[in-house]
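Text of the file input_32.cif, holding mmCIF, C-alpha atoms:
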data_protein
#
loop_
_atom_site.group_PDB
_atom_site.id
_atom_site.type_symbol
_atom_site.label_atom_id
_atom_site.label_comp_id
_atom_site.auth_asym_id
_atom_site.auth_seq_id
_atom_site.Cartn_x
_atom_site.Cartn_y
_atom_site.Cartn_z
ATOM 1 C CA MET A 1 113.409 92.243 93.797
ATOM 2 C CA GLN A 2 114.674 90.105 96.674
ATOM 3 C CA THR A 3 118.208 91.265 95.868
ATOM 4 C CA ILE A 4 117.040 94.880 96.053
ATOM 5 C CA GLU A 5 115.624 94.266 99.534
ATOM 6 C CA GLU A 6 118.929 92.742 100.613
ATOM 7 C CA LYS A 7 120.942 95.618 99.157
ATOM 8 C CA LEU A 8 118.712 98.217 100.809
ATOM 9 C CA HIS A 9 119.142 96.425 104.127
ATOM 10 C CA ASP A 10 122.927 96.561 103.693
ATOM 11 C CA GLN A 11 123.198 100.267 102.802
ATOM 12 C CA GLY A 12 123.903 101.244 106.389
ATOM 13 C CA THR A 13 127.273 99.468 106.205
ATOM 14 C CA PHE A 14 128.566 102.178 103.852
ATOM 15 C CA PHE A 15 128.385 104.799 106.606
ATOM 16 C CA GLU A 16 130.047 105.644 109.904
ATOM 17 C CA GLU A 17 129.008 103.382 112.769
ATOM 18 C CA GLY A 18 126.974 106.101 114.478
ATOM 19 C CA VAL A 19 124.994 106.735 111.287
ATOM 20 C CA GLN A 20 124.288 103.134 110.292
ATOM 21 C CA ALA A 21 121.198 102.585 112.452
ATOM 22 C CA TYR A 22 119.366 105.565 110.954
ATOM 23 C CA ILE A 23 120.120 104.526 107.374
ATOM 24 C CA THR A 24 119.102 100.937 108.061
ATOM 25 C CA TYR A 25 115.820 102.091 109.590
ATOM 26 C CA ALA A 26 115.080 104.447 106.695
ATOM 27 C CA CYS A 27 115.749 101.726 104.109
ATOM 28 C CA GLY A 28 114.158 98.894 106.050
ATOM 29 C CA SER A 29 110.457 99.479 105.514
ATOM 30 C CA SER A 30 108.697 97.285 102.981
ATOM 31 C CA GLY A 31 107.325 99.675 100.384
ATOM 32 C CA LYS A 32 105.800 98.815 97.034
ATOM 33 C CA ARG A 33 109.196 99.249 95.285
ATOM 34 C CA LEU A 34 107.464 100.337 92.077
ATOM 35 C CA ARG A 35 110.440 102.281 90.754
ATOM 36 C CA PRO A 36 112.924 99.378 91.017
ATOM 37 C CA LEU A 37 110.309 97.080 89.532
ATOM 38 C CA LEU A 38 109.959 99.369 86.521
ATOM 39 C CA ALA A 39 113.737 99.380 85.986
ATOM 40 C CA PHE A 40 113.775 95.564 85.930
ATOM 41 C CA LEU A 41 110.689 95.192 83.736
ATOM 42 C CA VAL A 42 112.055 97.656 81.187
ATOM 43 C CA GLY A 43 115.381 95.812 81.228
ATOM 44 C CA GLY A 44 113.616 92.576 80.368
ATOM 45 C CA ALA A 45 111.345 94.301 77.844
ATOM 46 C CA THR A 46 114.299 95.720 75.890
ATOM 47 C CA GLY A 47 116.843 92.920 76.187
ATOM 48 C CA ASN A 48 118.462 91.585 79.344
ATOM 49 C CA ILE A 49 118.299 92.489 83.024
ATOM 50 C CA THR A 50 121.921 93.200 83.928
ATOM 51 C CA SER A 51 123.849 94.115 87.060
ATOM 52 C CA GLU A 52 123.597 97.727 85.930
ATOM 53 C CA HIS A 53 119.807 97.469 86.027
ATOM 54 C CA LEU A 54 120.193 96.319 89.621
ATOM 55 C CA ASN A 55 122.302 99.399 90.381
ATOM 56 C CA LEU A 56 119.744 101.644 88.670
ATOM 57 C CA ALA A 57 116.911 100.066 90.647
ATOM 58 C CA LEU A 58 118.773 100.600 93.923
ATOM 59 C CA ILE A 59 119.607 104.221 93.141
ATOM 60 C CA VAL A 60 116.074 105.285 92.174
ATOM 61 C CA GLU A 61 114.675 103.646 95.302
ATOM 62 C CA LEU A 62 117.238 105.409 97.508
ATOM 63 C CA ILE A 63 116.262 108.754 95.993
ATOM 64 C CA HIS A 64 112.610 107.924 96.605
ATOM 65 C CA ILE A 65 113.292 106.964 100.228
ATOM 66 C CA ALA A 66 115.249 110.188 100.757
ATOM 67 C CA SER A 67 112.314 112.207 99.420
ATOM 68 C CA LEU A 68 109.897 110.397 101.755
ATOM 69 C CA VAL A 69 112.120 111.162 104.746
ATOM 70 C CA HIS A 70 111.895 114.867 103.910
ATOM 71 C CA ASP A 71 108.173 114.651 103.068
ATOM 72 C CA ASP A 72 107.358 113.244 106.495
ATOM 73 C CA ILE A 73 109.158 116.141 108.185
ATOM 74 C CA MET A 74 107.272 118.758 106.148
ATOM 75 C CA ASP A 75 103.928 116.996 106.595
ATOM 76 C CA GLY A 76 104.399 116.218 110.284
ATOM 77 C CA ALA A 77 103.591 112.580 109.543
ATOM 78 C CA VAL A 78 104.114 110.150 112.432
ATOM 79 C CA VAL A 79 103.390 106.834 110.695
ATOM 80 C CA ARG A 80 104.564 105.436 107.359
ATOM 81 C CA ARG A 81 104.290 101.829 106.236
ATOM 82 C CA GLU A 82 102.756 100.900 109.595
ATOM 83 C CA ARG A 83 105.671 102.077 111.754
ATOM 84 C CA PRO A 84 106.899 105.375 113.236
ATOM 85 C CA THR A 85 108.519 107.826 110.824
ATOM 86 C CA LEU A 86 112.113 108.862 111.445
ATOM 87 C CA ASN A 87 111.000 112.327 112.562
ATOM 88 C CA ALA A 88 108.585 110.775 115.053
ATOM 89 C CA LYS A 89 111.438 108.694 116.516
ATOM 90 C CA TRP A 90 114.379 111.116 116.360
ATOM 91 C CA GLY A 91 113.049 114.592 115.636
ATOM 92 C CA ASN A 92 113.226 116.828 112.581
ATOM 93 C CA GLY A 93 116.808 118.039 112.948
ATOM 94 C CA LEU A 94 118.431 114.629 112.744
ATOM 95 C CA THR A 95 115.911 113.293 110.254
ATOM 96 C CA VAL A 96 116.548 115.997 107.646
ATOM 97 C CA LEU A 97 120.221 114.999 107.710
ATOM 98 C CA VAL A 98 119.266 111.370 107.077
ATOM 99 C CA GLY A 99 117.380 112.474 103.967
ATOM 100 C CA ASP A 100 120.329 114.599 102.869
ATOM 101 C CA ILE A 101 122.842 111.789 103.228
ATOM 102 C CA LEU A 102 120.580 109.348 101.355
ATOM 103 C CA PHE A 103 120.348 111.755 98.414
ATOM 104 C CA ALA A 104 124.126 112.186 98.416
ATOM 105 C CA HIS A 105 124.698 108.424 98.678
ATOM 106 C CA ALA A 106 122.394 107.717 95.733
ATOM 107 C CA LEU A 107 124.193 110.271 93.564
ATOM 108 C CA ARG A 108 127.552 108.807 94.609
ATOM 109 C CA LEU A 109 126.399 105.368 93.473
ATOM 110 C CA ALA A 110 125.265 106.872 90.170
ATOM 111 C CA THR A 111 128.840 107.865 89.348
ATOM 112 C CA GLN A 112 129.702 104.164 88.978
ATOM 113 C CA PHE A 113 128.004 103.931 85.568
ATOM 114 C CA SER A 114 130.483 103.991 82.697
ATOM 115 C CA ASP A 115 128.216 106.308 80.685
ATOM 116 C CA SER A 116 128.168 109.760 82.288
ATOM 117 C CA GLN A 117 124.749 110.354 80.707
ATOM 118 C CA MET A 118 123.332 107.920 83.280
ATOM 119 C CA SER A 119 124.551 109.880 86.285
ATOM 120 C CA ARG A 120 123.438 113.186 84.733
ATOM 121 C CA ARG A 121 119.929 111.915 84.094
ATOM 122 C CA ILE A 122 119.695 110.504 87.620
ATOM 123 C CA ALA A 123 120.868 113.832 89.045
ATOM 124 C CA ASP A 124 118.288 115.637 86.883
ATOM 125 C CA ALA A 125 115.546 113.367 88.247
ATOM 126 C CA ALA A 126 116.664 113.989 91.844
ATOM 127 C CA ILE A 127 116.594 117.735 91.204
ATOM 128 C CA GLY A 128 113.108 117.316 89.712
ATOM 129 C CA VAL A 129 111.867 115.505 92.817
ATOM 130 C CA CYS A 130 113.178 118.238 95.132
ATOM 131 C CA SER A 131 112.045 121.077 92.862
ATOM 132 C CA GLY A 132 108.527 119.673 92.691
ATOM 133 C CA GLU A 133 108.360 119.499 96.479
ATOM 134 C CA MET A 134 109.682 123.059 96.767
ATOM 135 C CA LEU A 135 107.109 124.410 94.324
ATOM 136 C CA GLN A 136 104.292 122.546 96.060
ATOM 137 C CA THR A 137 105.423 123.925 99.417
ATOM 138 C CA GLU A 138 105.630 127.436 97.940
ATOM 139 C CA ARG A 139 102.017 127.160 96.736
ATOM 140 C CA ARG A 140 100.580 125.940 100.041
ATOM 141 C CA PHE A 141 97.103 127.337 100.809
ATOM 142 C CA ASP A 142 96.940 128.848 97.315
ATOM 143 C CA VAL A 143 93.314 128.617 96.191
ATOM 144 C CA ASN A 144 94.354 130.115 92.832
ATOM 145 C CA LEU A 145 96.737 127.274 91.936
ATOM 146 C CA THR A 146 95.932 126.247 88.358
ATOM 147 C CA LEU A 147 95.641 122.685 87.113
ATOM 148 C CA GLU A 148 98.516 123.397 84.728
ATOM 149 C CA HIS A 149 100.858 124.320 87.571
ATOM 150 C CA TYR A 150 99.630 121.424 89.699
ATOM 151 C CA PHE A 151 100.367 118.876 86.975
ATOM 152 C CA ARG A 152 103.808 120.402 86.422
ATOM 153 C CA ILE A 153 104.546 119.934 90.122
ATOM 154 C CA ILE A 154 103.401 116.294 89.965
ATOM 155 C CA GLU A 155 105.532 115.644 86.882
ATOM 156 C CA MET A 156 108.600 116.773 88.790
ATOM 157 C CA LYS A 157 108.006 115.376 92.269
ATOM 158 C CA THR A 158 106.812 111.913 91.184
ATOM 159 C CA GLY A 159 106.747 111.470 87.423
ATOM 160 C CA SER A 160 110.436 112.282 86.945
ATOM 161 C CA LEU A 161 111.691 109.321 88.994
ATOM 162 C CA PHE A 162 109.281 106.836 87.380
ATOM 163 C CA ALA A 163 110.299 108.192 83.973
ATOM 164 C CA VAL A 164 114.043 107.953 84.595
ATOM 165 C CA ALA A 165 113.732 104.355 85.849
ATOM 166 C CA CYS A 166 112.127 103.432 82.515
ATOM 167 C CA GLU A 167 114.263 105.648 80.283
ATOM 168 C CA LEU A 168 117.576 104.473 81.730
ATOM 169 C CA GLY A 169 116.410 100.873 81.931
ATOM 170 C CA ALA A 170 116.070 101.028 78.144
ATOM 171 C CA LEU A 171 119.256 103.036 77.641
ATOM 172 C CA LEU A 172 121.304 100.379 79.461
ATOM 173 C CA ASN A 173 120.268 97.918 76.715
ATOM 174 C CA ASN A 174 121.178 100.369 73.930
ATOM 175 C CA SER A 175 117.566 100.658 72.858
ATOM 176 C CA SER A 176 116.671 102.930 69.952
ATOM 177 C CA ASP A 177 115.810 106.550 70.648
ATOM 178 C CA GLU A 178 112.211 105.826 69.687
ATOM 179 C CA VAL A 179 111.834 102.914 72.119
ATOM 180 C CA THR A 180 113.619 104.783 74.913
ATOM 181 C CA ALA A 181 111.358 107.815 74.451
ATOM 182 C CA ALA A 182 108.229 105.641 74.474
ATOM 183 C CA LEU A 183 109.255 103.964 77.717
ATOM 184 C CA LYS A 184 110.073 107.318 79.277
ATOM 185 C CA ILE A 185 106.547 108.471 78.415
ATOM 186 C CA PHE A 186 105.156 105.278 79.930
ATOM 187 C CA GLY A 187 107.038 105.916 83.179
ATOM 188 C CA MET A 188 105.971 109.553 83.346
ATOM 189 C CA LYS A 189 102.286 108.779 82.784
ATOM 190 C CA ILE A 190 102.284 105.915 85.284
ATOM 191 C CA GLY A 191 104.095 108.081 87.837
ATOM 192 C CA ILE A 192 101.627 110.956 87.529
ATOM 193 C CA ALA A 193 98.674 108.552 87.753
ATOM 194 C CA TYR A 194 100.153 106.994 90.871
ATOM 195 C CA GLN A 195 100.601 110.399 92.520
ATOM 196 C CA LEU A 196 97.026 111.427 91.693
ATOM 197 C CA LEU A 197 95.812 108.176 93.213
ATOM 198 C CA ASP A 198 97.907 108.796 96.326
ATOM 199 C CA ASP A 199 96.460 112.311 96.563
ATOM 200 C CA CYS A 200 92.918 110.937 96.457
ATOM 201 C CA ILE A 201 93.713 108.341 99.098
ATOM 202 C CA ASP A 202 95.229 111.032 101.335
ATOM 203 C CA LEU A 203 91.892 112.844 101.284
ATOM 204 C CA LEU A 204 89.521 109.911 101.463
ATOM 205 C CA GLY A 205 91.365 106.807 102.622
ATOM 206 C CA ASP A 206 91.389 104.901 105.902
ATOM 207 C CA GLU A 207 94.651 105.110 107.884
ATOM 208 C CA LYS A 208 94.180 101.619 109.335
ATOM 209 C CA ASN A 209 94.051 100.121 105.845
ATOM 210 C CA ILE A 210 96.694 102.346 104.241
ATOM 211 C CA GLY A 211 99.310 102.133 107.003
ATOM 212 C CA LYS A 212 100.438 105.785 107.037
ATOM 213 C CA THR A 213 99.319 109.178 108.310
ATOM 214 C CA LEU A 214 96.590 110.573 106.042
ATOM 215 C CA GLY A 215 95.049 113.996 105.623
ATOM 216 C CA THR A 216 98.409 115.758 105.747
ATOM 217 C CA ASP A 217 98.020 117.352 102.294
ATOM 218 C CA LEU A 218 94.782 119.107 103.175
ATOM 219 C CA ILE A 219 95.912 120.134 106.656
ATOM 220 C CA GLY A 220 99.212 121.396 105.243
ATOM 221 C CA GLY A 221 97.522 123.411 102.500
ATOM 222 C CA LYS A 222 98.674 121.186 99.630
ATOM 223 C CA PHE A 223 95.643 121.408 97.363
ATOM 224 C CA THR A 224 95.598 118.365 95.099
ATOM 225 C CA LEU A 225 93.527 117.406 92.046
ATOM 226 C CA PRO A 226 90.141 116.748 93.727
ATOM 227 C CA ILE A 227 90.309 120.078 95.588
ATOM 228 C CA LEU A 228 91.452 122.024 92.511
ATOM 229 C CA LEU A 229 88.687 120.502 90.383
ATOM 230 C CA LEU A 230 86.181 121.473 93.063
ATOM 231 C CA LEU A 231 87.488 125.053 93.190
ATOM 232 C CA GLN A 232 87.417 125.271 89.404
ATOM 233 C CA SER A 233 83.808 124.125 89.054
ATOM 234 C CA ALA A 234 82.278 125.792 92.139
ATOM 235 C CA SER A 235 79.854 128.684 91.929
ATOM 236 C CA SER A 236 80.811 131.984 93.558
ATOM 237 C CA LYS A 237 78.826 131.096 96.680
ATOM 238 C CA ASP A 238 80.277 127.590 96.871
ATOM 239 C CA GLN A 239 83.781 128.988 96.371
ATOM 240 C CA GLU A 240 83.284 131.320 99.314
ATOM 241 C CA ASN A 241 82.187 128.444 101.543
ATOM 242 C CA LEU A 242 85.037 126.282 100.253
ATOM 243 C CA HIS A 243 87.615 128.998 100.914
ATOM 244 C CA HIS A 244 86.272 129.243 104.455
ATOM 245 C CA SER A 245 86.656 125.490 104.933
ATOM 246 C CA LEU A 246 90.160 125.414 103.446
ATOM 247 C CA LEU A 247 91.594 128.601 104.974
ATOM 248 C CA ASN A 248 89.846 128.755 108.341
ATOM 249 C CA ASP A 249 92.064 130.083 111.138
ATOM 250 C CA SER A 250 90.927 127.253 113.406
ATOM 251 C CA GLY A 251 92.028 124.602 110.905
ATOM 252 C CA VAL A 252 90.766 122.884 107.783
ATOM 253 C CA HIS A 253 87.205 121.581 107.969
ATOM 254 C CA ARG A 254 88.049 118.246 106.366
ATOM 255 C CA GLU A 255 84.584 116.697 106.723
ATOM 256 C CA GLU A 256 82.963 119.676 104.999
ATOM 257 C CA VAL A 257 85.451 119.523 102.146
ATOM 258 C CA VAL A 258 85.078 115.783 101.657
ATOM 259 C CA GLU A 259 81.287 116.087 101.720
ATOM 260 C CA LEU A 260 81.524 118.615 98.893
ATOM 261 C CA LEU A 261 83.840 116.285 96.953
ATOM 262 C CA PHE A 262 81.195 113.589 97.015
ATOM 263 C CA GLU A 263 78.294 115.974 96.413
ATOM 264 C CA LYS A 264 79.878 117.549 93.321
ATOM 265 C CA GLY A 265 81.298 114.292 91.924
ATOM 266 C CA THR A 266 84.827 115.698 92.043
ATOM 267 C CA PHE A 267 86.405 112.492 93.273
ATOM 268 C CA ASP A 268 84.906 110.650 90.284
ATOM 269 C CA LYS A 269 86.421 113.250 87.928
ATOM 270 C CA ALA A 270 89.841 112.677 89.485
ATOM 271 C CA ILE A 271 89.497 108.923 89.002
ATOM 272 C CA ILE A 272 88.619 109.472 85.333
ATOM 273 C CA GLU A 273 91.854 111.469 84.958
ATOM 274 C CA ILE A 274 93.841 108.666 86.612
ATOM 275 C CA ASN A 275 92.388 106.096 84.217
ATOM 276 C CA ASN A 276 93.059 108.369 81.226
ATOM 277 C CA LEU A 277 96.719 108.653 82.233
ATOM 278 C CA MET A 278 97.040 104.897 82.546
ATOM 279 C CA ASP A 279 95.452 104.494 79.107
ATOM 280 C CA GLN A 280 98.074 106.883 77.720
ATOM 281 C CA ALA A 281 100.816 104.913 79.464
ATOM 282 C CA GLU A 282 99.613 101.668 77.904
ATOM 283 C CA ALA A 283 99.405 103.325 74.478
ATOM 284 C CA ALA A 284 103.105 104.193 74.736
ATOM 285 C CA LEU A 285 103.882 100.470 75.004
ATOM 286 C CA LEU A 286 102.366 99.644 71.598
ATOM 287 C CA LEU A 287 105.749 100.336 70.017
ATOM 288 C CA ILE A 288 107.516 97.684 72.141
ATOM 289 C CA PRO A 289 107.559 94.071 70.874
ATOM 290 C CA LYS A 290 105.608 91.870 73.273
ATOM 291 C CA ASN A 291 107.293 89.573 75.769
ATOM 292 C CA GLU A 292 106.568 88.597 79.368
ATOM 293 C CA TYR A 293 108.245 91.755 80.704
ATOM 294 C CA VAL A 294 106.173 94.006 78.471
ATOM 295 C CA GLU A 295 103.121 92.192 79.798
ATOM 296 C CA GLY A 296 104.426 93.059 83.260
ATOM 297 C CA LEU A 297 104.496 96.739 82.304
ATOM 298 C CA TYR A 298 100.889 96.515 81.153
ATOM 299 C CA GLY A 299 100.189 94.828 84.467
ATOM 300 C CA MET A 300 101.458 97.909 86.303
ATOM 301 C CA ALA A 301 98.443 99.883 85.095
ATOM 302 C CA THR A 302 96.161 97.004 86.055
ATOM 303 C CA TYR A 303 97.737 96.955 89.516
ATOM 304 C CA LEU A 304 97.256 100.699 90.005
ATOM 305 C CA ARG A 305 93.633 100.506 88.896
ATOM 306 C CA GLY A 306 93.174 97.865 91.574
ATOM 307 C CA LEU A 307 94.348 100.349 94.211
ATOM 308 C CA ILE A 308 91.531 102.784 93.425
ATOM 309 C CA PRO A 309 89.320 102.676 96.525
ATOM 310 C CA THR A 310 85.695 101.725 96.053
ATOM 311 C CA LYS A 311 84.598 102.115 99.659
ATOM 312 C CA LEU A 312 85.985 105.233 101.310
ATOM 313 C CA SER A 313 86.162 106.464 104.866
ATOM 314 C CA ILE A 314 86.736 110.007 106.142
ATOM 315 C CA LYS A 315 87.022 109.052 109.815
#
Written as structure tokens, that's how I'd like the structure from this file.
Amino acid sequence: MQTIEEKLHDQGTFFEEGVQAYITYACGSSGKRLRPLLAFLVGGATGNITSEHLNLALIVELIHIASLVHDDIMDGAVVRRERPTLNAKWGNGLTVLVGDILFAHALRLATQFSDSQMSRRIADAAIGVCSGEMLQTERRFDVNLTLEHYFRIIEMKTGSLFAVACELGALLNNSSDEVTAALKIFGMKIGIAYQLLDDCIDLLGDEKNIGKTLGTDLIGGKFTLPILLLLQSASSKDQENLHHSLLNDSGVHREEVVELLFEKGTFDKAIIEINNLMDQAEAALLLIPKNEYVEGLYGMATYLRGLIPTKLSIK
């Protein structure tokens, strides 16, 4: 993981001098690095962690960073990981190009794998990330968005990159089709659970503790699991009031919406879904012979459960 940090720091050197500072800034924040970690843990779980696992870890993190750069533009976010976003520092026009070049750079690195299947799967995952974001943007302020469509969006925008980190981490060690498929399922389930958790935190978290701009999903009309569950279960009268709060011309009434989430127990239902997904992820690991790296994969679910907030703030 330390090597990944060093490699991310050095990515700017692959670009023209005038571009280097932007790439270095984009890659320089200290995120959780969950996707690289999964690539390494799967490598150890299925054999050896090789230099190709290092390349895979770097590529999936670069794709993730590129997607965050674009997310912050669309959401109007000004803080991420306790520092100004690129768009807050340099404006949307330049920042969108930084995201573009990071995507292209990651796909260029993917061509270095000897097996062309690797680069194809990475490209598929990158397309999934972008497609999920496009579909979510298309369905902004859509009070009729179904849970089925919402989960499909989450699978693409987040699950696909978690899944490919695990799938290809196993493929690099020539794992059996059965083991590779199980680890892909693990990555997908963990990725979806993580996104649902992030969606809940965006609604109910505390910016000072989280270190990034919150509330952007609701303000931007991205209705996530707690909101969709509330819409689904509300009476006709409650739906009318909720539509007014969500679609008001003067802006979203966040406090009213959050009050309803607590009153109807919707947040608790979302947390149950997150825990169910993590249970499914752990079940996928039963096929994998135990070693310390497999224990680390189990620990990923434990870590995510620890991120579930117990005391929430809407201020």
### Message
List as a PyMOL selection string the protein and nucleic acid residues near Asp177 in chain A, meaning an atom at most 12 Å away when only C-alpha atoms are counted, but skip any in the same chain fewer than 5 places from it.
### Response
chain A and resi 167-168+170-171+182-184+287
### Query
What does the distance from CA of Lys237 in chain A to CA of Tyr150 in chain A come to in Å, to one decimal?
24.0 Å
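Nearest residue to Gly91 in chain A, choosing from A:Ile153, A:Val78, A:Ile63, A:Val143 and counting all atoms listed in the file: A:Val78.
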### Message
Using all atoms listed in the file, which protein or nucleic acid residues come within 10 Å of Gly221 in chain A? Drop anything in the same chain fewer than 5 positions from it, and give the result as a list in words.
### Response
Asp75, Gln136, Thr137, Arg139, Arg140, Phe141, Asp142, Val143, Thr216, Leu246, Leu247 and Val252 of chain A
### Task
Using all atoms listed in the file, find the one residue out of A:Ala301, A:Ala234, A:Ala281, A:Ala270 that sits nearest to Ala163 in chain A.
A:Ala281
### Task
Take the PyMOL selection byres ((chain A and resi 292-299) around 10), apply it to the structure above, and return the hits as a PyMOL selection string.
chain A and resi 37-38+40-47+183+186-187+190+278-279+281-283+285-286+288-291+300-305
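Between CA of Leu218 in chain A and CA of Tyr22 in chain A the interatomic distance comes to 29.1 Å.
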### Message
So that I can check the surroundings of Met156 in chain A, please list as a PyMOL selection string every protein, DNA and RNA residue that reaches within 8 Å of it, counting all atoms listed in the file and ignoring chain neighbours fewer than 3 positions away.
### Response
chain A and resi 125+128-132+152-153+159-160
### Query
With all atoms listed in the file as the atoms that count, which of A:Ser51, A:Ala26, A:Thr95, A:Arg80 lies nearest to Ile65 in chain A?
A:Ala26
### Message
Between A:Ala181, A:Phe103, A:Ser30, A:Asn48, which residue has the minimum interatomic distance to Ala66 in chain A, considering all atoms listed in the file?
### Response
A:Phe103
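CA of Tyr25 in chain A is positioned 10.5 Å from CA of Lys89 in chain A.
Nearest to Ala21 in chain A of all the residues A:Ile274, A:Ala39, A:Leu86, A:Met188 is A:Leu86, counting only C-alpha atoms.
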